[in-house]
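In what follows, a structure is listed as structure tokens, so that the remarks can point back to it.
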Amino acid sequence: QVQLVESGGGLVQAGGSLRLSCTASGRSVSDHPMAWFRQASGKEREFVSAITWSGDFTYYADSLKGRFTISRDNAKNTLYLQMNSLKPEDTAAYYCATTVVHFFYDERSYYAASEYNYWGQGTQVTVSS
């Protein structure tokens, strides 16, 4: 079993930055894809970003490209999400996730919440205008 714990959320003004972290325990996730999703109040969970086990390839929701950066430190079993130029519409609970497979043959799988087996409890990000 894998336990994922997110941290780094909080209240920030529009235009500000936050860095989220997701630390895994239970077993290593260094050879598994990881991802960030978010869910705003009253809305469905949506894809934010994903990264391959090596970190060589990253994927982003089109609307977030250029503002968010995903990275990982496999030695620390930790995933990161650097969020810059935050907007009120970025307000949501942010979740990290990982999967039991080592890679996805179909790149579309990186974007699908259904492909991920383990989820954190989420960290709240609130952006004030």
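In the structure tokens, each chain is lettered A, B, ... as it comes, each chain's residues begin at 1, and ligands are numbered from 1 in order of appearance.
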Name the residues of chain A that fall into strand (DSSP E) according to DSSP on the backbone, using the chain letters and numbers of this document, as number ranges by chain. A: 3-7, 10-13, 18-25, 34-39, 46-51, 58-60, 68-73, 78-83, 92-98, 118-119, 123-128
Considering only C-alpha atoms, return as a PyMOL selection string whatever protein or nucleic-acid residues lie within 12 Å of Asp56 (chain A), sequence-local ones (same chain, fewer than 3 positions apart) excluded. chain A and resi 33+50-53+59+70-72+103
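Distances to Thr99 (chain A) were evaluated for A:Gln1, A:Ser85, A:Thr23, A:Ser63 using only C-alpha atoms, and the minimum falls at A:Gln1.
Residue nearest Val101 (chain A) within the list A:Met34, A:Ala113, A:Val127, A:Leu81: A:Met34 [criterion: smallest interatomic distance, only C-alpha atoms].
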For Gly122 (chain A), the closest of A:Tyr95, A:Pro88, A:Glu44, A:Gln3 counting only C-alpha atoms is A:Tyr95
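Those residues of chain A that DSSP, working from the backbone, places in helix (DSSP H, G or I) are Asp62, Ser63, Leu64, Asn74, Ala75, Lys76, Pro88, Glu89, Asp90, Glu107, Arg108, Ser109, Tyr110, Tyr111, Ala113, Ser114 and Glu115 of chain A.
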Could you please take those selected residues and save all heavy atoms as a compact mmCIF listing (two decimals), in the first residue's frame?
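Printed below is result_28.txt as written:
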# COMPACT_ATOMS: atom_id res chain seq x y z
N ASP A 62 -4.13 22.13 -20.69
CA ASP A 62 -3.80 23.22 -21.61
C ASP A 62 -3.92 24.59 -20.94
O ASP A 62 -3.11 25.49 -21.19
CB ASP A 62 -4.72 23.17 -22.83
CG ASP A 62 -4.36 22.02 -23.76
OD1 ASP A 62 -3.24 21.50 -23.65
OD2 ASP A 62 -5.21 21.66 -24.60
N SER A 63 -4.91 24.75 -20.10
CA SER A 63 -5.16 26.06 -19.48
C SER A 63 -4.11 26.45 -18.45
O SER A 63 -4.05 27.60 -18.02
CB SER A 63 -6.55 26.06 -18.82
OG SER A 63 -6.60 25.10 -17.79
N LEU A 64 -3.27 25.46 -18.06
CA LEU A 64 -2.30 25.72 -16.99
C LEU A 64 -0.86 25.80 -17.48
O LEU A 64 0.04 26.13 -16.70
CB LEU A 64 -2.42 24.63 -15.92
CG LEU A 64 -3.78 24.48 -15.28
CD1 LEU A 64 -3.78 23.31 -14.31
CD2 LEU A 64 -4.19 25.76 -14.58
N ASN A 74 12.86 11.59 -6.75
CA ASN A 74 12.68 10.17 -6.45
C ASN A 74 13.46 9.74 -5.22
O ASN A 74 13.06 8.80 -4.52
CB ASN A 74 13.03 9.33 -7.66
CG ASN A 74 11.97 9.40 -8.75
OD1 ASN A 74 10.82 9.71 -8.48
ND2 ASN A 74 12.37 9.11 -9.97
N ALA A 75 14.55 10.39 -4.94
CA ALA A 75 15.33 10.04 -3.75
C ALA A 75 14.54 10.35 -2.48
O ALA A 75 14.72 9.70 -1.45
CB ALA A 75 16.65 10.79 -3.75
N LYS A 76 13.65 11.34 -2.58
CA LYS A 76 12.84 11.73 -1.43
C LYS A 76 11.41 11.18 -1.52
O LYS A 76 10.59 11.48 -0.65
CB LYS A 76 12.79 13.26 -1.32
CG LYS A 76 14.14 13.90 -1.02
CD LYS A 76 14.00 15.41 -0.89
CE LYS A 76 15.34 16.05 -0.54
NZ LYS A 76 15.23 17.53 -0.41
N PRO A 88 -7.91 33.43 -9.04
CA PRO A 88 -9.01 32.95 -8.19
C PRO A 88 -9.61 31.63 -8.69
O PRO A 88 -10.03 30.80 -7.87
CB PRO A 88 -10.02 34.09 -8.26
CG PRO A 88 -9.18 35.31 -8.46
CD PRO A 88 -8.07 34.85 -9.37
N GLU A 89 -9.62 31.42 -9.99
CA GLU A 89 -10.19 30.18 -10.53
C GLU A 89 -9.30 28.96 -10.26
O GLU A 89 -9.69 27.83 -10.55
CB GLU A 89 -10.47 30.31 -12.02
CG GLU A 89 -9.31 30.83 -12.84
CD GLU A 89 -9.42 32.34 -13.09
OE1 GLU A 89 -9.75 33.09 -12.13
OE2 GLU A 89 -9.14 32.76 -14.22
N ASP A 90 -8.11 29.16 -9.72
CA ASP A 90 -7.26 28.04 -9.31
C ASP A 90 -7.65 27.52 -7.93
O ASP A 90 -7.11 26.50 -7.48
CB ASP A 90 -5.79 28.45 -9.29
CG ASP A 90 -5.26 28.79 -10.66
OD1 ASP A 90 -5.58 28.07 -11.63
OD2 ASP A 90 -4.50 29.78 -10.78
N GLU A 107 -0.61 7.76 -24.01
CA GLU A 107 -0.37 9.01 -23.28
C GLU A 107 -1.64 9.61 -22.70
O GLU A 107 -1.59 10.34 -21.71
CB GLU A 107 0.30 10.03 -24.21
CG GLU A 107 1.78 9.82 -24.38
CD GLU A 107 2.46 11.00 -25.02
OE1 GLU A 107 1.77 11.88 -25.56
OE2 GLU A 107 3.71 11.07 -24.95
N ARG A 108 -2.78 9.30 -23.29
CA ARG A 108 -4.03 9.82 -22.78
C ARG A 108 -4.31 9.33 -21.36
O ARG A 108 -5.04 9.97 -20.61
CB ARG A 108 -5.18 9.43 -23.71
CG ARG A 108 -5.14 10.13 -25.06
CD ARG A 108 -6.20 9.60 -25.98
NE ARG A 108 -5.96 8.20 -26.34
CZ ARG A 108 -6.73 7.52 -27.18
NH1 ARG A 108 -7.80 8.09 -27.71
NH2 ARG A 108 -6.44 6.26 -27.46
N SER A 109 -3.71 8.23 -20.99
CA SER A 109 -3.93 7.68 -19.66
C SER A 109 -3.37 8.58 -18.56
O SER A 109 -3.87 8.58 -17.45
CB SER A 109 -3.30 6.29 -19.56
OG SER A 109 -3.94 5.38 -20.43
N TYR A 110 -2.34 9.34 -18.89
CA TYR A 110 -1.77 10.23 -17.87
C TYR A 110 -2.78 11.26 -17.40
O TYR A 110 -2.69 11.77 -16.29
CB TYR A 110 -0.54 10.95 -18.42
CG TYR A 110 0.68 10.06 -18.49
CD1 TYR A 110 1.03 9.42 -19.67
CD2 TYR A 110 1.49 9.86 -17.37
CE1 TYR A 110 2.14 8.59 -19.73
CE2 TYR A 110 2.61 9.05 -17.43
CZ TYR A 110 2.93 8.41 -18.61
OH TYR A 110 4.03 7.60 -18.67
N TYR A 111 -3.76 11.58 -18.26
CA TYR A 111 -4.74 12.62 -17.97
C TYR A 111 -5.99 12.10 -17.27
O TYR A 111 -6.83 12.89 -16.85
CB TYR A 111 -5.18 13.29 -19.28
CG TYR A 111 -4.08 13.97 -20.05
CD1 TYR A 111 -3.23 13.25 -20.88
CD2 TYR A 111 -3.90 15.35 -19.97
CE1 TYR A 111 -2.22 13.89 -21.60
CE2 TYR A 111 -2.90 15.99 -20.69
CZ TYR A 111 -2.06 15.24 -21.50
OH TYR A 111 -1.07 15.87 -22.21
N ALA A 113 -8.13 10.34 -14.36
CA ALA A 113 -8.14 10.01 -12.94
C ALA A 113 -8.35 8.52 -12.70
O ALA A 113 -7.83 7.96 -11.74
CB ALA A 113 -9.22 10.82 -12.24
N SER A 114 -9.09 7.88 -13.57
CA SER A 114 -9.41 6.47 -13.40
C SER A 114 -8.18 5.57 -13.52
O SER A 114 -8.22 4.41 -13.12
CB SER A 114 -10.45 6.05 -14.44
OG SER A 114 -9.96 6.26 -15.75
N GLU A 115 -7.09 6.08 -14.07
CA GLU A 115 -5.87 5.29 -14.24
C GLU A 115 -5.00 5.26 -13.00
O GLU A 115 -4.02 4.53 -12.95
CB GLU A 115 -5.07 5.83 -15.42
CG GLU A 115 -5.78 5.73 -16.76
CD GLU A 115 -5.86 4.30 -17.27
OE1 GLU A 115 -5.23 3.39 -16.68
OE2 GLU A 115 -6.59 4.08 -18.27
Against region 10-22 of chain A, which residues of region 42-101 of chain A fall within 8 Å? For each one I want the closest pair of atoms and the distance in Å (one decimal), counting only C-alpha atoms, rows by chain and increasing residue number, as JSON lines.
{"residue": "A:Thr78", "atom": "CA", "partner": "A:Cys22", "partner_atom": "CA", "distance": 5.4}
{"residue": "A:Leu79", "atom": "CA", "partner": "A:Cys22", "partner_atom": "CA", "distance": 5.0}
{"residue": "A:Tyr80", "atom": "CA", "partner": "A:Ser21", "partner_atom": "CA", "distance": 4.5}
{"residue": "A:Leu81", "atom": "CA", "partner": "A:Leu20", "partner_atom": "CA", "distance": 5.0}
{"residue": "A:Gln82", "atom": "CA", "partner": "A:Arg19", "partner_atom": "CA", "distance": 4.4}
{"residue": "A:Met83", "atom": "CA", "partner": "A:Leu18", "partner_atom": "CA", "distance": 5.3}
{"residue": "A:Asn84", "atom": "CA", "partner": "A:Ser17", "partner_atom": "CA", "distance": 4.4}
{"residue": "A:Ser85", "atom": "CA", "partner": "A:Gly15", "partner_atom": "CA", "distance": 4.1}
{"residue": "A:Leu86", "atom": "CA", "partner": "A:Gly15", "partner_atom": "CA", "distance": 4.9}
{"residue": "A:Lys87", "atom": "CA", "partner": "A:Ala14", "partner_atom": "CA", "distance": 5.0}
{"residue": "A:Pro88", "atom": "CA", "partner": "A:Ala14", "partner_atom": "CA", "distance": 6.3}
{"residue": "A:Cys96", "atom": "CA", "partner": "A:Cys22", "partner_atom": "CA", "distance": 6.4}
Residues from last step as file, N, CA and C atoms, as a PDB file, in the first residue's frame:
ATOM      1  N   THR A  78       9.060  12.117  -3.380  1.00  0.00           N
ATOM      2  CA  THR A  78       8.224  13.313  -3.280  1.00  0.00           C
ATOM      3  C   THR A  78       7.936  13.912  -4.648  1.00  0.00           C
ATOM      4  N   LEU A  79       6.704  14.349  -4.796  1.00  0.00           N
ATOM      5  CA  LEU A  79       6.219  15.021  -5.998  1.00  0.00           C
ATOM      6  C   LEU A  79       5.955  16.485  -5.648  1.00  0.00           C
ATOM      7  N   TYR A  80       6.197  17.367  -6.621  1.00  0.00           N
ATOM      8  CA  TYR A  80       5.992  18.796  -6.391  1.00  0.00           C
ATOM      9  C   TYR A  80       5.106  19.398  -7.479  1.00  0.00           C
ATOM     10  N   LEU A  81       4.481  20.512  -7.108  1.00  0.00           N
ATOM     11  CA  LEU A  81       3.769  21.321  -8.097  1.00  0.00           C
ATOM     12  C   LEU A  81       4.027  22.791  -7.757  1.00  0.00           C
ATOM     13  N   GLN A  82       4.814  23.431  -8.606  1.00  0.00           N
ATOM     14  CA  GLN A  82       5.061  24.859  -8.455  1.00  0.00           C
ATOM     15  C   GLN A  82       3.970  25.607  -9.206  1.00  0.00           C
ATOM     16  N   MET A  83       3.260  26.468  -8.506  1.00  0.00           N
ATOM     17  CA  MET A  83       2.149  27.203  -9.098  1.00  0.00           C
ATOM     18  C   MET A  83       2.446  28.694  -9.025  1.00  0.00           C
ATOM     19  N   ASN A  84       2.539  29.321 -10.171  1.00  0.00           N
ATOM     20  CA  ASN A  84       2.830  30.748 -10.260  1.00  0.00           C
ATOM     21  C   ASN A  84       1.656  31.491 -10.883  1.00  0.00           C
ATOM     22  N   SER A  85       1.656  32.801 -10.706  1.00  0.00           N
ATOM     23  CA  SER A  85       0.605  33.659 -11.286  1.00  0.00           C
ATOM     24  C   SER A  85      -0.779  33.103 -10.992  1.00  0.00           C
ATOM     25  N   LEU A  86      -1.004  32.784  -9.742  1.00  0.00           N
ATOM     26  CA  LEU A  86      -2.253  32.140  -9.364  1.00  0.00           C
ATOM     27  C   LEU A  86      -3.445  33.062  -9.581  1.00  0.00           C
ATOM     28  N   LYS A  87      -4.554  32.437  -9.939  1.00  0.00           N
ATOM     29  CA  LYS A  87      -5.797  33.152 -10.216  1.00  0.00           C
ATOM     30  C   LYS A  87      -6.893  32.632  -9.289  1.00  0.00           C
ATOM     31  N   PRO A  88      -7.912  33.426  -9.044  1.00  0.00           N
ATOM     32  CA  PRO A  88      -9.015  32.945  -8.189  1.00  0.00           C
ATOM     33  C   PRO A  88      -9.613  31.633  -8.691  1.00  0.00           C
ATOM     34  N   CYS A  96      -2.728  14.620  -5.071  1.00  0.00           N
ATOM     35  CA  CYS A  96      -1.722  13.889  -5.830  1.00  0.00           C
ATOM     36  C   CYS A  96      -2.157  12.433  -5.937  1.00  0.00           C
TER      37      CYS A  96
END
Just want the 10 Å neighbourhood of Arg45 (chain A), counted on only C-alpha atoms, with same-chain residues fewer than 6 positions away dropped. Output as a PyMOL selection string. chain A and resi 37-39+92-95+113
Point-to-point distance from CA of Phe104 (chain A) to CA of Asn117 (chain A), Å rounded to tenths: 13.2 Å
Neighbours of Lys65 (chain A) within 10 Å (only C-alpha atoms; same-chain residues fewer than 5 positions away dropped), as a short mmCIF file (atom, residue, chain, number, x, y, z; two decimals) with all heavy atoms, in the first residue's frame?
data_model
loop_
_atom_site.label_atom_id
_atom_site.label_comp_id
_atom_site.auth_asym_id
_atom_site.auth_seq_id
_atom_site.Cartn_x
_atom_site.Cartn_y
_atom_site.Cartn_z
N VAL A 48 -4.60 18.22 -13.64
CA VAL A 48 -3.72 19.38 -13.59
C VAL A 48 -2.41 19.08 -14.32
O VAL A 48 -2.05 19.78 -15.27
CB VAL A 48 -3.42 19.78 -12.12
CG1 VAL A 48 -2.36 20.87 -12.07
CG2 VAL A 48 -4.69 20.20 -11.41
N SER A 49 -1.72 18.03 -13.87
CA SER A 49 -0.41 17.73 -14.45
C SER A 49 0.00 16.33 -14.08
O SER A 49 -0.46 15.78 -13.08
CB SER A 49 0.62 18.75 -13.92
OG SER A 49 1.88 18.54 -14.49
N TYR A 59 3.16 16.40 -18.43
CA TYR A 59 1.89 16.67 -19.11
C TYR A 59 1.13 17.70 -18.29
O TYR A 59 1.14 17.65 -17.06
CB TYR A 59 1.08 15.37 -19.22
CG TYR A 59 1.85 14.25 -19.87
CD1 TYR A 59 2.65 13.39 -19.12
CD2 TYR A 59 1.80 14.06 -21.25
CE1 TYR A 59 3.38 12.38 -19.72
CE2 TYR A 59 2.52 13.04 -21.85
CZ TYR A 59 3.32 12.21 -21.07
OH TYR A 59 4.04 11.21 -21.68
N TYR A 60 0.46 18.59 -18.99
CA TYR A 60 -0.27 19.66 -18.33
C TYR A 60 -1.64 19.87 -18.97
O TYR A 60 -1.80 19.69 -20.18
CB TYR A 60 0.49 20.98 -18.42
CG TYR A 60 1.81 20.99 -17.69
CD1 TYR A 60 2.98 20.67 -18.35
CD2 TYR A 60 1.86 21.30 -16.33
CE1 TYR A 60 4.19 20.65 -17.67
CE2 TYR A 60 3.07 21.29 -15.65
CZ TYR A 60 4.23 20.97 -16.33
OH TYR A 60 5.43 20.96 -15.65
#
Would you list the contacts of Tyr118 (chain A) as number ranges by chain, taking every protein, DNA or RNA residue within 7 Å and counting only C-alpha atoms, but skipping same-chain residues closer than 3 positions in sequence? A: 2, 97-99
What does the file look like for those residues with C-alpha atoms, as a PDB file, in the first residue's frame?
ATOM      1  CA  VAL A   2       1.042   3.546  -0.689  1.00  0.00           C
ATOM      2  CA  ALA A  97      -2.023  10.405  -7.217  1.00  0.00           C
ATOM      3  CA  THR A  98       0.057   7.504  -8.378  1.00  0.00           C
ATOM      4  CA  THR A  99      -0.488   4.221 -10.125  1.00  0.00           C
TER       5      THR A  99
END
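In this structure, CA of Gln124 (chain A) sits 28.5 Å away from CA of His102 (chain A).
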